[in-house]
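Notes for the one structure printed next.
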Amino acid sequence: GFGESEPYPAGTAYNMDNACEILAQNFQEWGVSKPHVVGNSLGGAISLELGARGLVSSVTALSPAGFFRGFDRVIAFFSLILLKLASYLPAGVVQPTLRSSRGRHLIGRTLFEHGERLSADEFIGDSAALRSGAAFFPTLRAGVGYHFGSSVPVPTTIAWGTRDRILPYAQSALAQERLPSAEHVALPNCGHVPMVDDPELIVRVIDRTVARATAAEQAA
């Protein structure tokens with residue numbers, strides 16, 4: 001139900017059990033056994049859930065959902081709903097702002113620290129994808145009571161943008177408390193979508209996680 005993927009079949013609930021089951025089915029169809037997975041935000045939470053179920057070889061979770069404190073959940077959901085509503089603005093309304101790097105920086109402030117690194121076409125494409133995402137509100141409803149509280153028995157890295165405005169960096173302390181065996185990494189000057197803000201750093205974080213997993217497999 002996000003991007004170009006089809007929504008779940010009618011009657012299938014948007015929850016972590018179904019997400020993991022469907023991904024496990026996809027792994028089987030693709031001929032992939034226990035891949036190394038990387039996820040951001042909701043994808044980070046799904047990656048951790050896959051790790052908890054022993055379905056993957058390693059997990060790199062970037063600003064994962066599921067470690068809310070106090071009003072964090074309300075702030076995150078409010079921010080996401082505003083982004084969803086903004087996606088319905090006519091392209092002609094936002095295009096003039098997107099023509100300048102300063103405008104892209106300001107418009108992308110919620111998600112990125114360096115939104116100016118995206119082109120106007122990328123912003124418009126992302127907005128269209130968000131607008132057409134049929135799973136947005138069902139997933140949001142499913143997340144009202146969600147928290148991650150399992151152990152993850154595979155090499156895991158949790159990396160968090162220090163300037164994340166949707167899931168603030170302070171949540172990383174709760175992640176460290178719940179998953180003390182994971183490697184916890186701060187991503188300096190990165191927002192909620194750190195792949196845009198510092199892609200080279202994210203590649204290094206992923207490579208280190210995979211290397212740890214590979215070394216553990218070879219030692220076993």
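Labels used: A, B, ... for chains in the order of the structure tokens, numbers from 1 for residues in each chain, and numbers from 1 for ligands as shown.
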
Find the residues of segment 134-196 of chain A that sit at most 9 Å from segment 111-121 of chain A; for each, write down the nearest two atoms and how far apart they are in Å, to one decimal. Count only C-alpha atoms. Sort by chain, then by number going up, and give it as a tab-separated table.
residue	atom	partner	partner_atom	distance
A:Arg163	CA	A:Glu113	CA	7.1
A:Asp164	CA	A:Leu111	CA	7.4
A:Arg165	CA	A:Leu111	CA	7.0
A:Ile166	CA	A:Leu111	CA	7.3
A:Asn189	CA	A:Glu113	CA	6.7
A:Cys190	CA	A:Glu113	CA	5.7
A:Gly191	CA	A:Phe112	CA	4.6
A:His192	CA	A:Leu111	CA	5.0
A:Val193	CA	A:Phe112	CA	5.8
A:Pro194	CA	A:Phe112	CA	7.2
A:Val196	CA	A:Phe112	CA	7.1

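For the set A:Ser5, A:Leu23, A:Ser172, A:Thr60, the residue with the smallest atom-to-atom gap to Asp207 of chain A is A:Thr60, counting only C-alpha atoms.
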
(request) Check the smallest atom-to-atom distance from each of A:Leu62, A:Leu83, A:Ala219, A:Ala175 to His147 of chain A using only C-alpha atoms, then report the winner. (result) A:Ala175

(request) Please identify which residues in segment 2-81 of chain A DSSP calls helix (DSSP H, G or I) from the backbone, and express them as a PyMOL selection string. (result) chain A and resi 16-30+42-52+72-81

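If you look at atom CA of His105 of chain A and atom CA of Asp197 of chain A, they are 11.2 Å away from each other.
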